[in-house]
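Enquirer: If it helps, the file is called work-v5.cif and holds mmCIF, C-alpha atoms:
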```
data_data
loop_
_atom_site.label_atom_id
_atom_site.label_comp_id
_atom_site.auth_asym_id
_atom_site.auth_seq_id
_atom_site.Cartn_x
_atom_site.Cartn_y
_atom_site.Cartn_z
CA MET D 272 124.89 135.67 122.72
CA ARG D 273 126.12 132.27 123.78
CA THR D 274 129.84 131.76 123.72
CA ARG D 275 131.20 128.89 121.68
CA ARG D 276 131.94 126.97 124.87
CA GLU D 277 128.39 127.47 126.20
CA PHE D 278 126.96 126.35 122.90
CA MET D 279 129.05 123.18 122.81
CA VAL D 280 128.11 122.32 126.39
CA ALA D 281 124.46 122.52 125.43
CA PHE D 282 125.19 120.55 122.29
CA ALA D 283 126.96 117.81 124.26
CA ALA D 284 123.88 117.47 126.45
CA THR D 285 121.78 117.03 123.31
CA LEU D 286 124.13 114.34 122.08
CA ALA D 287 123.89 112.54 125.40
CA LEU D 288 120.11 112.37 124.99
CA ALA D 289 120.50 111.20 121.42
CA THR D 290 122.53 108.19 122.49
CA THR D 291 120.14 106.93 125.15
CA VAL D 292 118.52 104.57 122.63
CA THR D 293 120.88 101.83 121.48
CA VAL D 294 120.92 100.14 118.09
CA ALA D 295 119.60 96.95 119.59
CA GLN D 296 116.48 98.75 120.78
CA LEU D 297 115.66 100.12 117.34
CA PRO D 298 113.27 98.00 115.29
CA SER D 299 114.63 97.52 111.77
CA GLY D 300 112.84 98.66 108.65
CA GLN D 301 110.84 101.42 110.34
CA ARG D 302 110.97 104.80 108.63
CA GLY D 303 109.44 108.02 109.75
CA SER D 304 108.88 111.63 108.81
CA GLY D 305 108.36 114.67 110.96
CA HIS D 306 106.89 114.12 114.41
CA SER D 307 105.06 116.18 116.99
CA GLY D 308 106.80 117.51 120.08
CA ASN D 309 104.91 115.17 122.43
CA ALA D 310 105.07 111.99 120.34
CA PRO D 311 108.13 109.75 120.51
CA PRO D 312 110.55 110.23 117.61
CA PRO D 313 110.21 107.87 114.62
CA ALA D 314 112.37 104.78 114.63
CA ILE D 315 115.68 104.54 112.80
CA ASP D 316 116.84 101.35 111.09
CA VAL D 317 119.76 99.45 112.53
CA ALA D 318 122.41 100.42 109.95
CA THR D 319 121.54 104.11 110.07
CA ALA D 320 121.40 104.14 113.87
CA LYS D 321 124.78 102.44 114.06
CA ALA D 322 126.36 105.01 111.74
CA ILE D 323 124.81 107.87 113.72
CA ASN D 324 125.94 106.49 117.07
CA THR D 325 129.46 105.92 115.72
CA ALA D 326 129.54 109.51 114.48
CA ILE D 327 128.29 110.81 117.83
CA GLU D 328 130.93 108.87 119.77
CA ALA D 329 133.67 110.17 117.48
CA LEU D 330 132.31 113.72 117.73
CA ASN D 331 132.26 113.57 121.53
CA ALA D 332 135.91 112.47 121.37
CA ASN D 333 136.75 115.38 119.03
CA LYS D 334 137.53 112.94 116.23
CA TYR D 335 135.85 114.91 113.49
CA ALA D 336 137.27 113.00 110.53
CA GLU D 337 136.00 109.72 111.96
CA ALA D 338 132.58 111.25 112.60
CA GLN D 339 132.46 112.54 109.03
CA SER D 340 133.51 109.13 107.71
CA ALA D 341 130.76 107.35 109.66
CA ILE D 342 128.11 109.63 108.17
CA GLY D 343 129.72 109.35 104.72
CA ALA D 344 128.93 105.63 104.67
CA LEU D 345 125.21 106.41 104.53
CA LYS D 346 123.21 106.89 101.33
CA LEU D 347 121.49 110.14 102.13
CA ASP D 348 118.90 109.85 99.36
CA LYS D 349 117.68 106.59 100.88
CA LEU D 350 117.04 107.99 104.35
CA SER D 351 113.66 108.89 105.77
CA PRO D 352 112.96 112.57 106.45
CA TYR D 353 113.60 112.03 110.17
CA GLU D 354 116.86 110.16 109.55
CA ARG D 355 118.02 112.78 107.06
CA SER D 356 117.30 115.54 109.60
CA LYS D 357 119.28 113.67 112.24
CA VAL D 358 122.20 113.18 109.88
CA GLU D 359 122.17 116.88 108.91
CA TRP D 360 122.22 117.69 112.62
CA ILE D 361 125.34 115.54 113.09
CA LEU D 362 126.98 117.19 110.07
CA PHE D 363 126.13 120.58 111.51
CA SER D 364 127.77 119.60 114.78
CA ILE D 365 130.94 118.44 113.02
CA ALA D 366 131.18 121.68 111.06
CA TYR D 367 130.42 123.89 114.05
CA ALA D 368 133.02 122.18 116.21
CA GLN D 369 135.60 123.18 113.59
CA ASP D 370 134.33 126.79 113.37
CA LYS D 371 133.01 126.22 109.85
CA TYR D 372 129.98 128.39 110.43
CA ALA D 373 128.77 128.66 106.84
CA ASP D 374 128.82 124.86 106.44
CA ALA D 375 127.18 124.44 109.82
CA ARG D 376 124.39 126.82 108.86
CA GLY D 377 123.85 124.98 105.60
CA HIS D 378 123.39 121.69 107.45
CA LEU D 379 120.85 123.26 109.82
CA GLU D 380 118.90 124.52 106.83
CA GLY D 381 119.20 121.05 105.31
CA ALA D 382 117.82 119.48 108.48
CA ILE D 383 114.77 121.74 108.31
CA LYS D 384 114.21 121.10 104.57
CA ALA D 385 114.41 117.33 105.09
CA GLY D 386 111.06 117.54 106.89
CA GLY D 387 111.92 115.19 109.73
CA LEU D 388 111.73 117.68 112.57
CA ASN D 389 108.83 118.62 114.81
CA GLU D 390 107.81 122.25 115.31
CA GLN D 391 109.93 122.68 118.42
CA GLU D 392 113.03 121.37 116.66
CA VAL D 393 112.43 123.55 113.62
CA SER D 394 112.16 126.59 115.90
CA GLN D 395 115.36 125.61 117.69
CA PHE D 396 117.26 125.15 114.44
CA LYS D 397 116.11 128.49 113.07
CA TYR D 398 117.29 130.15 116.25
CA GLN D 399 120.68 128.50 115.85
CA ILE D 400 120.86 129.66 112.24
CA ALA D 401 120.47 133.23 113.49
CA GLN D 402 123.22 132.62 116.05
CA LEU D 403 125.55 131.34 113.36
CA TYR D 404 125.10 134.46 111.24
CA MET D 405 126.11 136.49 114.27
CA ALA D 406 129.08 134.25 114.97
CA GLU D 407 130.31 135.38 111.53
CA ASP D 408 129.54 139.04 112.37
CA ARG D 409 126.83 138.99 109.74
CA TRP D 410 124.58 141.07 111.91
CA LYS D 411 122.08 142.11 109.27
CA GLU D 412 121.32 138.53 108.18
CA GLY D 413 121.32 137.42 111.82
CA ALA D 414 118.81 140.07 112.84
CA ALA D 415 116.55 139.20 109.89
CA ALA D 416 116.71 135.48 110.73
CA LEU D 417 115.92 136.21 114.35
CA GLU D 418 113.01 138.50 113.47
CA GLU D 419 111.58 135.67 111.34
CA TRP D 420 112.03 133.29 114.26
CA PHE D 421 110.20 135.71 116.57
CA GLU D 422 107.18 135.74 114.27
CA ASN D 423 106.56 132.05 114.86
CA GLU D 424 107.78 131.71 118.42
CA PRO D 425 104.94 132.21 120.96
CA ASN D 426 107.17 132.65 124.01
CA PRO D 427 110.64 133.90 123.07
CA ASN D 428 112.97 133.88 126.05
CA ALA D 429 115.11 136.67 127.44
CA ALA D 430 118.26 135.41 125.72
CA ALA D 431 116.60 135.72 122.31
CA HIS D 432 115.64 139.34 122.99
CA TYR D 433 119.19 140.10 124.09
CA LEU D 434 120.59 138.44 120.97
CA LEU D 435 118.36 140.59 118.78
CA ALA D 436 119.35 143.70 120.71
CA ALA D 437 123.03 142.85 120.29
CA ALA D 438 122.59 142.43 116.53
CA TYR D 439 120.88 145.79 116.15
CA TYR D 440 123.49 147.41 118.38
CA GLN D 441 126.23 146.12 116.10
CA LEU D 442 124.30 147.55 113.16
CA GLU D 443 124.13 150.89 115.05
CA ASP D 444 120.33 150.66 114.86
CA TYR D 445 119.93 151.81 118.43
CA GLU D 446 116.20 152.55 118.11
CA ARG D 447 115.53 148.85 117.51
CA ALA D 448 118.19 147.66 119.92
CA LEU D 449 116.79 149.43 122.98
CA PRO D 450 113.31 147.82 123.28
CA ALA D 451 114.76 144.35 122.71
CA ALA D 452 117.45 144.92 125.33
CA GLU D 453 114.91 146.30 127.83
CA LYS D 454 112.67 143.29 127.24
CA ALA D 455 115.56 140.92 127.91
CA ILE D 456 116.28 142.27 131.39
CA LYS D 457 112.59 142.50 132.30
CA LEU D 458 111.90 138.84 131.52
CA VAL D 459 114.27 137.46 134.15
CA GLU D 460 114.62 138.11 137.85
CA LYS D 461 118.42 138.29 137.69
CA PRO D 462 119.56 139.38 134.22
CA GLN D 463 123.11 138.73 133.12
CA GLU D 464 125.64 141.49 133.64
CA ASN D 465 126.31 142.07 129.94
CA TRP D 466 122.57 142.40 129.29
CA ILE D 467 122.33 145.23 131.81
CA VAL D 468 125.47 146.82 130.37
CA LEU D 469 123.88 146.92 126.91
CA VAL D 470 120.76 148.71 128.18
CA LEU D 471 122.93 151.06 130.22
CA GLY D 472 125.01 151.95 127.18
CA LEU D 473 121.89 152.76 125.20
CA TYR D 474 120.50 154.89 128.05
CA LEU D 475 123.73 156.85 128.42
CA GLN D 476 123.83 157.39 124.68
CA ARG D 477 120.43 159.06 124.97
CA GLU D 478 121.47 160.97 128.11
CA ARG D 479 118.80 159.14 130.10
CA TYR D 480 120.82 159.59 133.26
CA GLN D 481 118.00 159.12 135.75
CA ASP D 482 117.11 155.77 134.18
CA SER D 483 120.77 154.76 134.30
CA VAL D 484 121.03 155.05 138.08
CA PRO D 485 119.14 151.84 139.04
CA LEU D 486 121.00 149.87 136.36
CA LEU D 487 124.38 151.00 137.69
CA LYS D 488 123.34 150.16 141.25
CA GLN D 489 122.31 146.71 140.03
CA LEU D 490 125.67 146.26 138.30
CA ILE D 491 127.51 147.26 141.47
CA GLU D 492 125.54 144.65 143.40
CA LEU D 493 126.44 142.02 140.80
CA SER D 494 130.11 142.98 140.54
CA PRO D 495 131.14 145.21 143.46
CA ASP D 496 134.81 144.83 142.58
CA LYS D 497 134.42 146.45 139.13
CA LYS D 498 135.30 150.07 139.77
CA GLU D 499 134.10 151.22 136.34
CA TYR D 500 130.52 150.86 137.57
CA TRP D 501 131.25 153.01 140.63
CA LEU D 502 132.93 155.62 138.45
CA GLN D 503 130.04 155.63 135.98
CA LEU D 504 127.47 156.00 138.76
CA SER D 505 129.35 158.94 140.21
CA ALA D 506 129.63 160.52 136.75
CA VAL D 507 125.90 160.06 136.19
CA TYR D 508 125.14 161.83 139.46
CA VAL D 509 127.37 164.69 138.30
CA GLN D 510 125.31 164.90 135.10
CA LEU D 511 122.20 165.04 137.30
CA GLU D 512 123.94 167.81 139.32
CA ASP D 513 123.62 165.70 142.47
CA TYR D 514 127.16 166.29 143.64
CA ALA D 515 126.60 164.97 147.15
CA TYR D 516 125.67 161.53 145.82
CA ALA D 517 128.47 161.73 143.25
CA LEU D 518 130.90 162.20 146.14
CA ALA D 519 129.25 159.51 148.29
CA VAL D 520 129.74 156.90 145.56
CA MET D 521 133.38 157.85 145.05
CA GLN D 522 134.00 157.87 148.80
CA LEU D 523 132.57 154.35 149.12
CA ALA D 524 134.74 153.13 146.25
CA TYR D 525 137.78 154.74 147.88
CA GLY D 526 136.91 153.19 151.21
CA VAL D 527 137.00 149.65 149.78
CA GLY D 528 140.29 150.29 148.01
CA LEU D 529 139.06 150.53 144.41
CA LEU D 530 140.42 153.96 143.58
CA LYS D 531 144.12 153.71 142.85
CA GLU D 532 144.58 155.64 139.61
CA ASP D 533 145.69 159.26 139.29
CA ALA D 534 142.53 160.53 137.58
CA GLU D 535 140.25 158.73 140.05
CA LEU D 536 141.94 160.19 143.12
CA ARG D 537 141.95 163.70 141.65
CA ARG D 538 138.27 163.37 140.82
CA LEU D 539 137.51 162.30 144.39
CA ALA D 540 139.46 165.26 145.75
CA ASP D 541 137.68 167.70 143.43
CA LEU D 542 134.30 166.40 144.60
CA GLN D 543 135.36 166.68 148.24
CA LEU D 544 136.47 170.25 147.70
CA TYR D 545 133.27 171.12 145.81
CA ASN D 546 131.10 169.57 148.53
CA GLY D 547 132.82 171.56 151.27
CA ILE D 548 135.08 168.85 152.70
CA PRO D 549 138.44 170.49 151.94
CA TYR D 550 140.38 168.96 154.85
CA ARG D 551 139.61 165.44 153.65
CA CYS D 552 140.55 166.53 150.13
CA GLY D 553 144.02 167.53 151.31
CA GLN D 554 144.45 164.27 153.22
CA VAL D 555 143.50 162.13 150.22
CA LEU D 556 145.96 163.81 147.85
CA GLU D 557 148.84 163.89 150.30
CA ALA D 558 148.28 160.19 151.04
CA ALA D 559 148.27 159.55 147.28
CA ILE D 560 151.66 161.28 146.96
CA GLU D 561 153.01 159.22 149.85
CA HIS D 562 151.87 155.98 148.21
CA ASN D 563 152.99 157.01 144.70
CA THR D 564 149.48 156.64 143.26
CA VAL D 565 149.35 160.05 141.58
CA ASN D 566 151.56 161.84 139.09
CA VAL D 567 153.20 164.77 140.84
CA ASP D 568 152.74 167.96 138.84
CA GLU D 569 151.93 171.63 139.18
CA LYS D 570 148.16 171.06 139.00
CA LEU D 571 148.24 168.51 141.80
CA TYR D 572 150.02 170.85 144.16
CA GLU D 573 147.62 173.63 143.23
CA THR D 574 144.65 171.44 144.19
CA ILE D 575 146.25 170.41 147.49
CA ALA D 576 146.92 174.05 148.29
CA ASN D 577 143.32 174.93 147.46
CA CYS D 578 142.13 172.20 149.82
CA TRP D 579 144.22 173.42 152.74
CA ILE D 580 143.40 177.07 152.13
CA ALA D 581 139.68 176.28 152.00
CA ALA D 582 140.07 174.30 155.22
CA GLY D 583 141.74 177.31 156.87
CA GLU D 584 144.99 175.37 157.22
CA LEU D 585 147.31 178.07 155.90
CA ASP D 586 150.46 176.50 157.33
CA LYS D 587 149.68 173.21 155.53
CA ALA D 588 149.15 175.15 152.28
CA LEU D 589 152.69 176.56 152.22
CA ALA D 590 154.53 173.42 151.10
CA PRO D 591 152.25 172.58 148.14
CA LEU D 592 152.14 176.24 147.12
CA THR D 593 155.94 176.37 147.13
CA ARG D 594 156.19 173.17 145.06
CA GLU D 595 153.56 174.51 142.64
CA ALA D 596 155.50 177.73 142.26
CA GLU D 597 158.78 175.88 141.67
CA LEU D 598 157.22 173.71 138.96
CA SER D 599 155.39 176.56 137.23
CA SER D 600 156.81 178.27 134.17
CA GLY D 601 155.43 181.64 135.29
CA GLY D 602 155.40 183.61 138.51
CA ASP D 603 151.68 183.56 139.39
CA ALA D 604 152.03 180.70 141.88
CA TYR D 605 154.60 182.73 143.82
CA VAL D 606 152.15 185.63 143.96
CA ARG D 607 149.54 183.23 145.35
CA LEU D 608 152.08 182.01 147.91
CA ALA D 609 152.72 185.63 148.86
CA GLU D 610 148.98 186.19 149.32
CA VAL D 611 148.84 183.34 151.85
CA GLN D 612 151.89 184.76 153.62
CA VAL D 613 150.07 188.10 153.79
CA GLN D 614 147.25 186.32 155.67
CA ARG D 615 149.91 184.88 158.01
CA SER D 616 151.50 188.33 158.45
CA ASP D 617 154.89 186.86 157.52
CA TRP D 618 156.19 189.97 155.76
CA PRO D 619 159.72 188.82 154.91
CA SER D 620 158.28 185.67 153.33
CA VAL D 621 155.83 187.81 151.35
CA GLN D 622 158.71 189.81 149.89
CA ALA D 623 160.78 186.71 149.16
CA ALA D 624 157.92 185.03 147.29
CA LEU D 625 157.12 188.16 145.30
CA GLU D 626 160.72 188.70 144.29
CA ARG D 627 160.83 185.19 142.85
CA GLY D 628 157.46 185.58 141.17
CA ILE D 629 158.30 188.89 139.56
CA GLY D 630 161.62 187.45 138.54
CA LYS D 631 159.91 184.55 136.74
CA GLY D 632 157.54 186.93 134.99
CA GLN D 633 154.48 186.03 132.86
CA LEU D 634 152.20 187.38 135.57
CA LYS D 635 148.50 187.46 134.76
CA ASP D 636 147.93 190.22 137.31
CA PRO D 637 151.13 192.25 137.89
CA GLY D 638 149.13 194.73 139.94
CA ALA D 639 148.48 192.10 142.63
CA ALA D 640 152.21 191.46 143.04
CA GLN D 641 152.86 195.19 143.29
CA LEU D 642 150.09 195.66 145.85
CA PHE D 643 151.28 192.77 148.07
CA MET D 644 154.87 194.02 147.94
CA GLY D 645 153.68 197.44 149.03
CA ILE D 646 151.64 195.91 151.87
CA ALA D 647 154.62 193.88 153.10
CA LEU D 648 156.92 196.92 153.12
CA TYR D 649 154.24 199.09 154.71
CA ASN D 650 153.82 196.61 157.58
CA GLU D 651 157.57 196.66 158.11
CA ARG D 652 157.28 200.47 158.40
CA LYS D 653 159.34 200.95 155.24
CA LEU D 654 156.99 203.63 153.99
CA ALA D 655 159.25 205.26 151.45
CA GLU D 656 160.04 201.89 149.87
CA ALA D 657 156.38 200.88 149.85
CA ARG D 658 155.16 204.05 148.09
CA PRO D 659 156.42 203.27 144.52
CA TRP D 660 154.90 199.78 144.69
CA PHE D 661 151.48 201.22 145.54
CA GLU D 662 151.86 203.83 142.83
CA ARG D 663 152.40 201.06 140.26
CA ALA D 664 149.46 199.06 141.60
CA GLN D 665 147.28 202.19 141.44
CA ALA D 666 147.70 202.16 137.67
CA THR D 667 145.56 198.99 137.44
CA GLU D 668 141.80 199.31 137.70
CA ARG D 669 141.42 196.21 139.85
CA HIS D 670 143.76 197.39 142.62
CA ARG D 671 143.44 201.16 142.21
CA GLN D 672 141.21 201.82 145.19
CA THR D 673 143.22 199.71 147.66
CA ALA D 674 146.54 201.14 146.48
CA LYS D 675 145.16 204.66 146.68
CA SER D 676 144.07 204.10 150.29
CA TYR D 677 147.56 202.93 151.26
CA LEU D 678 149.15 205.91 149.50
CA LEU D 679 146.95 208.26 151.48
CA LEU D 680 147.99 206.51 154.68
CA ILE D 681 151.66 206.72 153.75
CA GLY D 682 151.29 210.39 152.84
CA SER D 683 149.64 211.28 156.13
CA GLN D 684 152.17 209.28 158.17
CA LEU D 685 155.18 210.78 156.40
CA GLU D 686 153.83 214.29 156.90
CA ALA D 687 153.37 213.60 160.60
CA VAL D 688 157.03 212.73 161.01
CA PRO D 689 159.07 215.84 162.13
CA ARG D 690 161.59 216.91 159.55
CA SER D 691 165.23 217.31 160.39
CA ASP D 692 167.08 220.58 159.62
CA GLY D 693 168.61 218.93 156.62
CA ASP D 694 165.14 218.18 155.17
CA ARG D 695 163.99 221.83 155.44
#
```
Let me see the file written as C-alpha cells.

Expert:
Amino acid sequence: MRTRREFMVAFAATLALATTVTVAQLPSGQRGSGHSGNAPPPAIDVATAKAINTAIEALNANKYAEAQSAIGALKLDKLSPYERSKVEWILFSIAYAQDKYADARGHLEGAIKAGGLNEQEVSQFKYQIAQLYMAEDRWKEGAAALEEWFENEPNPNAAAHYLLAAAYYQLEDYERALPAAEKAIKLVEKPQENWIVLVLGLYLQRERYQDSVPLLKQLIELSPDKKEYWLQLSAVYVQLEDYAYALAVMQLAYGVGLLKEDAELRRLADLQLYNGIPYRCGQVLEAAIEHNTVNVDEKLYETIANCWIAAGELDKALAPLTREAELSSGGDAYVRLAEVQVQRSDWPSVQAALERGIGKGQLKDPGAAQLFMGIALYNERKLAEARPWFERAQATERHRQTAKSYLLLIGSQLEAVPRSDGDR
C-alpha cells in the first residue's frame, strides 16, 4: 500500500499537469462531459478554470481553507460533468490532505457519478477509493472495492495485487491473500521488500519451508544488514534438517558482525557443536563473555564445557565446569567436573570436586559420584577407603558391574598383602 507521503507526491504531480493550461488559454462558454483517454479533455470556462487554479495553488501551499473557499465560490449545479468531476477531485485532495478519508472517498465517488471522467480516470478513482478504505483499516470494504476494480481492469499492476493481498491478510483470509501476494512479486523484476515479506510470512505459516528459502535469500540480497532475514533463513534450514546450511548462514552473519545478542550467539554455538566444530564453539562463547555480549549463567558455562570436552581440550573445560558447578543449585556439575578430572588422572582434584558435589546434594545419579570417589581412592592405593564407595555404587543398577569389578580387584589385592602378627 502506498504511504500517505507517496500518495501525496503522486498527487502533486497530477496537480502540476492540471495547471499546465492557463485561464487565458481556455475558450469561454465551452462545456463538456466525459471524454476518452486519447482525446483532449473538454474545455473549462474562464471563471471555473480560475477558481480551480486558485484552489490548486492554495492546495499546493497547504492552505486548505483558501482552497476550499475558492471552490465554494462555484455553483456546482451549473457545472458541466467534466467541470464537476474536476471540482470533486480538488475537494477530494483537500479532504485527503487533512486525513479526512471518509470525506475524501465521498468526493471520489462524486467525481465518478458526475460523469465527466474517461474510463482510465474512472478506473484510477475506483482504485483510490479502495486505498482509502484501507487507510481507515476498513479491510473488508477495501478488498471488495478492489475486487470490483479488478473485474474491469484489463492489466492490473503488481501494486494492486499486493494491496489486495494485504487486505486479505488483515482479514486473516490467508487463502485469498497468498495468490494475490505471489502474483505481485511475479509481475516485477525487483519486487519491493515488504511484498516479499508478505509472501514469506504466508509460506512460513503453511510450513512451506523449501519455498521460503529463495525468498529469504532474495531478502538478504536486498537488505544484507537486516539480521532477522539471516536468522530466519538459518531457522528454515533447521526445519528442513539441513544443519550444515543452517550453520553456514549463521557463520556468515557472525562474520559480518550481525550477531551480537545472547540468544543469537548461543544458537551459533549450538549449531557449531552439533555440526562437529566444537573448538570454534568454545572460542565463540568465550569471546562473547570477554565482550559482554552474553548473559553469564550456569547454562552458558555448561555449553562452553561441552564444546571443549568434545574438542578434546580437557584443560580448557575445567574453568567453565567449575563456574557451572559454583552457579548450580545442585551437585551434579561437580560430579561432571570430577569425571573430567578422572580422564586427566588428577585424583586429588577428583576427590575435591566430589566432596563439594555430594555436599551440595540433589544428585541425579548418586551412584556415579560414589563410583568416581572409589576410583580416585583406588588409584591413590587407598584400597580400604575405596571399598565402601564401590559397595554403595554397586547398589545401583547402572554402575553395578563396574563397581563389582573394582571390588574384586580390591579383594584380590588385599588378600595378596601379607598379614602382620597383629592381624592373625

Enquirer: May I ask for the distance between CA of Lys635 in chain D and CA of Ile575 in chain D, given in Å to one decimal place?

Expert: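 So the two atoms, CA of Lys635 in chain D and CA of Ile575 in chain D, lie 21.4 Å apart.
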
Enquirer: Apply the PyMOL selection byres ((chain D and resi 368-371) around 9) to the displayed file and report the matching residues as a ChimeraX atom specification.

Expert: /D:275,279,330,333,335,363-367,372-376

Enquirer: Check which residues satisfy the PyMOL selection byres ((chain D and resi 427-431) around 7) in the file shown, then give them as a PDB file with C-alpha atoms, in the coordinates of the input.

Expert:
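Just written: selection-v1.pdb:
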```
ATOM      1  CA  PHE D 421     110.200 135.710 116.570  1.00  0.00           C
ATOM      2  CA  GLU D 424     107.780 131.710 118.420  1.00  0.00           C
ATOM      3  CA  PRO D 425     104.940 132.210 120.960  1.00  0.00           C
ATOM      4  CA  ASN D 426     107.170 132.650 124.010  1.00  0.00           C
ATOM      5  CA  HIS D 432     115.640 139.340 122.990  1.00  0.00           C
ATOM      6  CA  TYR D 433     119.190 140.100 124.090  1.00  0.00           C
ATOM      7  CA  LEU D 434     120.590 138.440 120.970  1.00  0.00           C
ATOM      8  CA  LEU D 435     118.360 140.590 118.780  1.00  0.00           C
ATOM      9  CA  ALA D 455     115.560 140.920 127.910  1.00  0.00           C
ATOM     10  CA  ILE D 456     116.280 142.270 131.390  1.00  0.00           C
ATOM     11  CA  LEU D 458     111.900 138.840 131.520  1.00  0.00           C
ATOM     12  CA  VAL D 459     114.270 137.460 134.150  1.00  0.00           C
TER      13      VAL D 459
END
```

Enquirer: Given the file shown, enumerate the residues that the PyMOL selection byres ((chain D and resi 351) around 9) captures and present them as a ChimeraX atom specification.

Expert: /D:302-304,315,347-350,352-356,385,387

Enquirer: Can you work out the spacing between CA of Ala451 in chain D and CA of Glu390 in chain D in Å, to one decimal?

Expert: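 Rounded to one decimal, the two atoms are 24.3 Å apart.
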
Enquirer: List the neighbours of Leu680 in chain D out to 12 Å using all atoms listed in the file; skip same-chain residues closer than 3 positions along the sequence, and give me the result as a tab-separated table (two decimals) with C-alpha atoms, keeping the file's coordinate frame.

Expert:
```
chain	number	residue	atom	x	y	z
D	646	ILE	CA	151.64	195.91	151.87
D	649	TYR	CA	154.24	199.09	154.71
D	650	ASN	CA	153.82	196.61	157.58
D	652	ARG	CA	157.28	200.47	158.40
D	654	LEU	CA	156.99	203.63	153.99
D	655	ALA	CA	159.25	205.26	151.45
D	657	ALA	CA	156.38	200.88	149.85
D	658	ARG	CA	155.16	204.05	148.09
D	661	PHE	CA	151.48	201.22	145.54
D	673	THR	CA	143.22	199.71	147.66
D	674	ALA	CA	146.54	201.14	146.48
D	675	LYS	CA	145.16	204.66	146.68
D	676	SER	CA	144.07	204.10	150.29
D	677	TYR	CA	147.56	202.93	151.26
D	683	SER	CA	149.64	211.28	156.13
D	684	GLN	CA	152.17	209.28	158.17
D	685	LEU	CA	155.18	210.78	156.40
D	686	GLU	CA	153.83	214.29	156.90
D	687	ALA	CA	153.37	213.60	160.60
```

Enquirer: Find the residues around Trp410 in chain D up to 8 Å (all atoms listed in the file counted), leave out those fewer than 4 positions away in its own chain, and share them as a compact mmCIF listing (two decimals) with C-alpha atoms, keeping the file's coordinate frame.

Expert:
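What landed in out.txt:
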```txt
# COMPACT_ATOMS: atom_id res chain seq x y z
CA TYR D 404 125.10 134.46 111.24
CA MET D 405 126.11 136.49 114.27
CA ALA D 414 118.81 140.07 112.84
CA ALA D 438 122.59 142.43 116.53
CA TYR D 439 120.88 145.79 116.15
CA GLN D 441 126.23 146.12 116.10
CA LEU D 442 124.30 147.55 113.16
```

Enquirer: Tell me which protein, DNA and RNA residues are within 8 Å of Leu608 in chain D, counting only C-alpha atoms, leaving out same-chain ones fewer than 4 positions away, and put them as a PyMOL selection string.

Expert: chain D and resi 589+592-593+596+604+612+621+624

Enquirer: Tell me which residues come within 12 Å of (122.7, 105.0, 107.5), as a VMD selection string, counting only C-alpha atoms in the file's coordinates.

Expert: chain D and resid 294 299 to 300 302 315 to 326 340 to 351 353 to 355 357 to 359

Enquirer: Would you put the residues from that selection into a file with C-alpha atoms, as a compact mmCIF listing (two decimals), in the frame of the given file?

Expert:
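The resulting again.txt:
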```txt
# COMPACT_ATOMS: atom_id res chain seq x y z
CA VAL D 294 120.92 100.14 118.09
CA SER D 299 114.63 97.52 111.77
CA GLY D 300 112.84 98.66 108.65
CA ARG D 302 110.97 104.80 108.63
CA ILE D 315 115.68 104.54 112.80
CA ASP D 316 116.84 101.35 111.09
CA VAL D 317 119.76 99.45 112.53
CA ALA D 318 122.41 100.42 109.95
CA THR D 319 121.54 104.11 110.07
CA ALA D 320 121.40 104.14 113.87
CA LYS D 321 124.78 102.44 114.06
CA ALA D 322 126.36 105.01 111.74
CA ILE D 323 124.81 107.87 113.72
CA ASN D 324 125.94 106.49 117.07
CA THR D 325 129.46 105.92 115.72
CA ALA D 326 129.54 109.51 114.48
CA SER D 340 133.51 109.13 107.71
CA ALA D 341 130.76 107.35 109.66
CA ILE D 342 128.11 109.63 108.17
CA GLY D 343 129.72 109.35 104.72
CA ALA D 344 128.93 105.63 104.67
CA LEU D 345 125.21 106.41 104.53
CA LYS D 346 123.21 106.89 101.33
CA LEU D 347 121.49 110.14 102.13
CA ASP D 348 118.90 109.85 99.36
CA LYS D 349 117.68 106.59 100.88
CA LEU D 350 117.04 107.99 104.35
CA SER D 351 113.66 108.89 105.77
CA TYR D 353 113.60 112.03 110.17
CA GLU D 354 116.86 110.16 109.55
CA ARG D 355 118.02 112.78 107.06
CA LYS D 357 119.28 113.67 112.24
CA VAL D 358 122.20 113.18 109.88
CA GLU D 359 122.17 116.88 108.91
```

Enquirer: Between CA of Ala437 in chain D and CA of Tyr500 in chain D, measure the distance and give it in Å to one decimal.

Expert: 20.5 Å

Enquirer: If we count only C-alpha atoms and set the cut-off at 12 Å, which residues sit around Gly602 in chain D, ignoring sequence neighbours fewer than 3 positions away in its own chain? Please answer as a list of chain:residue names.

Expert: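 Everything that qualifies: D:Leu592, D:Thr593, D:Glu595, D:Ala596, D:Glu597, D:Leu598, D:Ser599, D:Tyr605, D:Val606, D:Arg607, D:Leu608, D:Ala609, D:Ala624, D:Leu625, D:Glu626, D:Arg627, D:Gly628, D:Ile629, D:Gly630, D:Lys631, D:Gly632, D:Gln633, D:Leu634, D:Lys635, D:Asp636, D:Pro637, D:Ala639, D:Ala640.
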
Enquirer: Draw an axis-aligned box over all listed atoms of range 645-648 of chain D, pad each side with 4 Å, and write its centre and edge lengths in Å, one decimal, as lines of an AutoDock Vina configuration file.

Expert:
```
center_x = 154.3
center_y = 195.7
center_z = 151.1
size_x = 13.3
size_y = 11.6
size_z = 12.1
```

Enquirer: Might you pull out every residue within 8 Å of range 530-544 of chain D, with all atoms listed in the file counted and same-chain residues fewer than 4 positions away left off, and present them as a list in words?

Expert: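 Non-adjacent residues within range: Lys498, Tyr514, Ala517, Leu518, Met521, Gln522, Ala524, Tyr525, Ile548, Pro549, Arg551, Cys552, Gly553, Val555, Leu556, Ala559, Thr564, Val565, Asn566, Leu571, Thr574 and Cys578 of chain D.
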
Enquirer: Check the smallest atom-to-atom distance from each of D:Asp482, D:Glu328, D:Glu569, D:Asp408 to Ser600 in chain D using only C-alpha atoms, then report the winner.

Expert: D:Glu569

Enquirer: Counting all atoms listed in the file, which of D:Glu407, D:Glu651, D:Asn423, D:Ile560 gets nearest to Val393 in chain D?

Expert: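 Closest candidate: D:Asn423.
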
Enquirer: Find the residue from D:Leu417, D:Leu642, D:Leu504, D:Ile383 that sits nearest to Ala666 in chain D; use only C-alpha atoms when measuring.

Expert: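 For Ala666 in chain D, the nearest of the candidates is D:Leu642.
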